[in-house]
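Here is the structure we will look at, set down as structure tokens.
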Amino acid sequence: MIMLLFILNVLVYQNGDTLLFTEQDSIIDQWILGETIFHADSVETKLNRKAKVSSNNEKFFIYTEHDEQGELIKTEIILYNTFQEKLWQDSAHGEEVISFRLSNVYDSLFIGVRSLRGGSEPMLYTVKNTMKEIIIEKGTWDKIIDYSISPNRRYLLLHTKNPYAQRSWDYIYFVDLGNKKDWQYLFPICASCKRGKIDLAVDDEGTSEIISRGQHRIFSKDGEFIDYFLRFD
């Protein structure tokens, strides 16, 4: 019982470039991230480490960019629990990179995104209980701009792009991580206005809300268009 209480009370928090490991509100360890420079045989190597922590403070990942002589040669991501044990590891070399911005840890679920430099040809996968599952195959979309996940971690709603007729088109893509059912919606074209930011939200029932320039579009989990209204906050 004592060991169980200890396990439940070990948490990790992020304060800028520092990870703080706590037990019963006392700091028991810390990791300092940021940039480290090495020199060997006239070769300068830079390691730039960044992190993200799950909302329940029980998991985190370290993202590292390996740079040699000013050139990015490798990106790496390692998922840990609060005992600093490795749960998952992935790396990319050459023209392929792992996206720090699009990779996230949601309590028991990790989402990773790999792409070519610049974000083209993305591949999105999940890791749960150390089991990897590819959700979006490479080449399905030209780019993944952003995404939102439901609080119960079942539904994933994405803003994606694909080229057509010499221009890039905005799409909304939805996938049920449970049964893998999906749908997509081509965002309406505005010929006379500049596209604003598209905000995404999806609830535990799979109901999706897409917001752009005060326009709210509501869809069911099956992709049925439910509602449209204007609201300027």
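Chain lettering (A, B, ...) mirrors the order of the structure tokens, residue numbering begins at 1 for each chain separately, and ligand numbering begins at 1 in order of display.
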Ile27 in chain A surroundings by only C-alpha atoms, 10 Å radius, close-in-sequence under 4 positions cut, as a PyMOL selection string: chain A and resi 10-13+20-23
Filtered DSSP result for range 34-103 of chain A, state strand (DSSP E), as a VMD selection string: chain A and resid 34 to 40 43 to 53 59 to 68 71 to 81 86 to 93 96 to 98
Computed interatomic separation between CA of Phe100 in chain A and CA of Asn48 in chain A (Å): 11.7 Å
12 Å contact set for Asp227 in chain A, only C-alpha atoms, chain neighbours under 5 positions out, as number ranges by chain: A: 207-211, 215-220
Proximity to Gln184 in chain A - best of A:His93, A:Lys161, A:His66, A:Arg231, only C-alpha atoms: A:Lys161
Who sits within 8 Å of Lys52 in chain A, only C-alpha atoms, same chain under 5 positions skipped, as an mmCIF file with C-alpha atoms, in the first residue's frame:
data_model
loop_
_atom_site.group_PDB
_atom_site.id
_atom_site.type_symbol
_atom_site.label_atom_id
_atom_site.label_comp_id
_atom_site.auth_asym_id
_atom_site.auth_seq_id
_atom_site.Cartn_x
_atom_site.Cartn_y
_atom_site.Cartn_z
ATOM 1 C CA GLN A 14 6.873 21.977 -16.626
ATOM 2 C CA PHE A 60 5.750 13.611 -20.662
ATOM 3 C CA PHE A 61 7.923 13.532 -23.736
ATOM 4 C CA ILE A 62 11.284 14.994 -24.616
ATOM 5 C CA ASN A 104 1.129 15.762 -28.020
ATOM 6 C CA VAL A 105 0.615 13.557 -24.990
#
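Of the residues under consideration (A:Trp88, A:Tyr63, A:Trp183, A:Tyr155), A:Trp88 shows the shortest atom-to-atom contact distance to Lys132 in chain A when counting only C-alpha atoms.
Closest approach to Arg101 in chain A from the set A:Gln30, A:Thr45, A:Gln166, A:Ser115 is made by A:Ser115, with distances taken over only C-alpha atoms.
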Those of range 1-228 of chain A in DSSP helix (DSSP H, G or I), formatted as number ranges by chain: A: 2-9
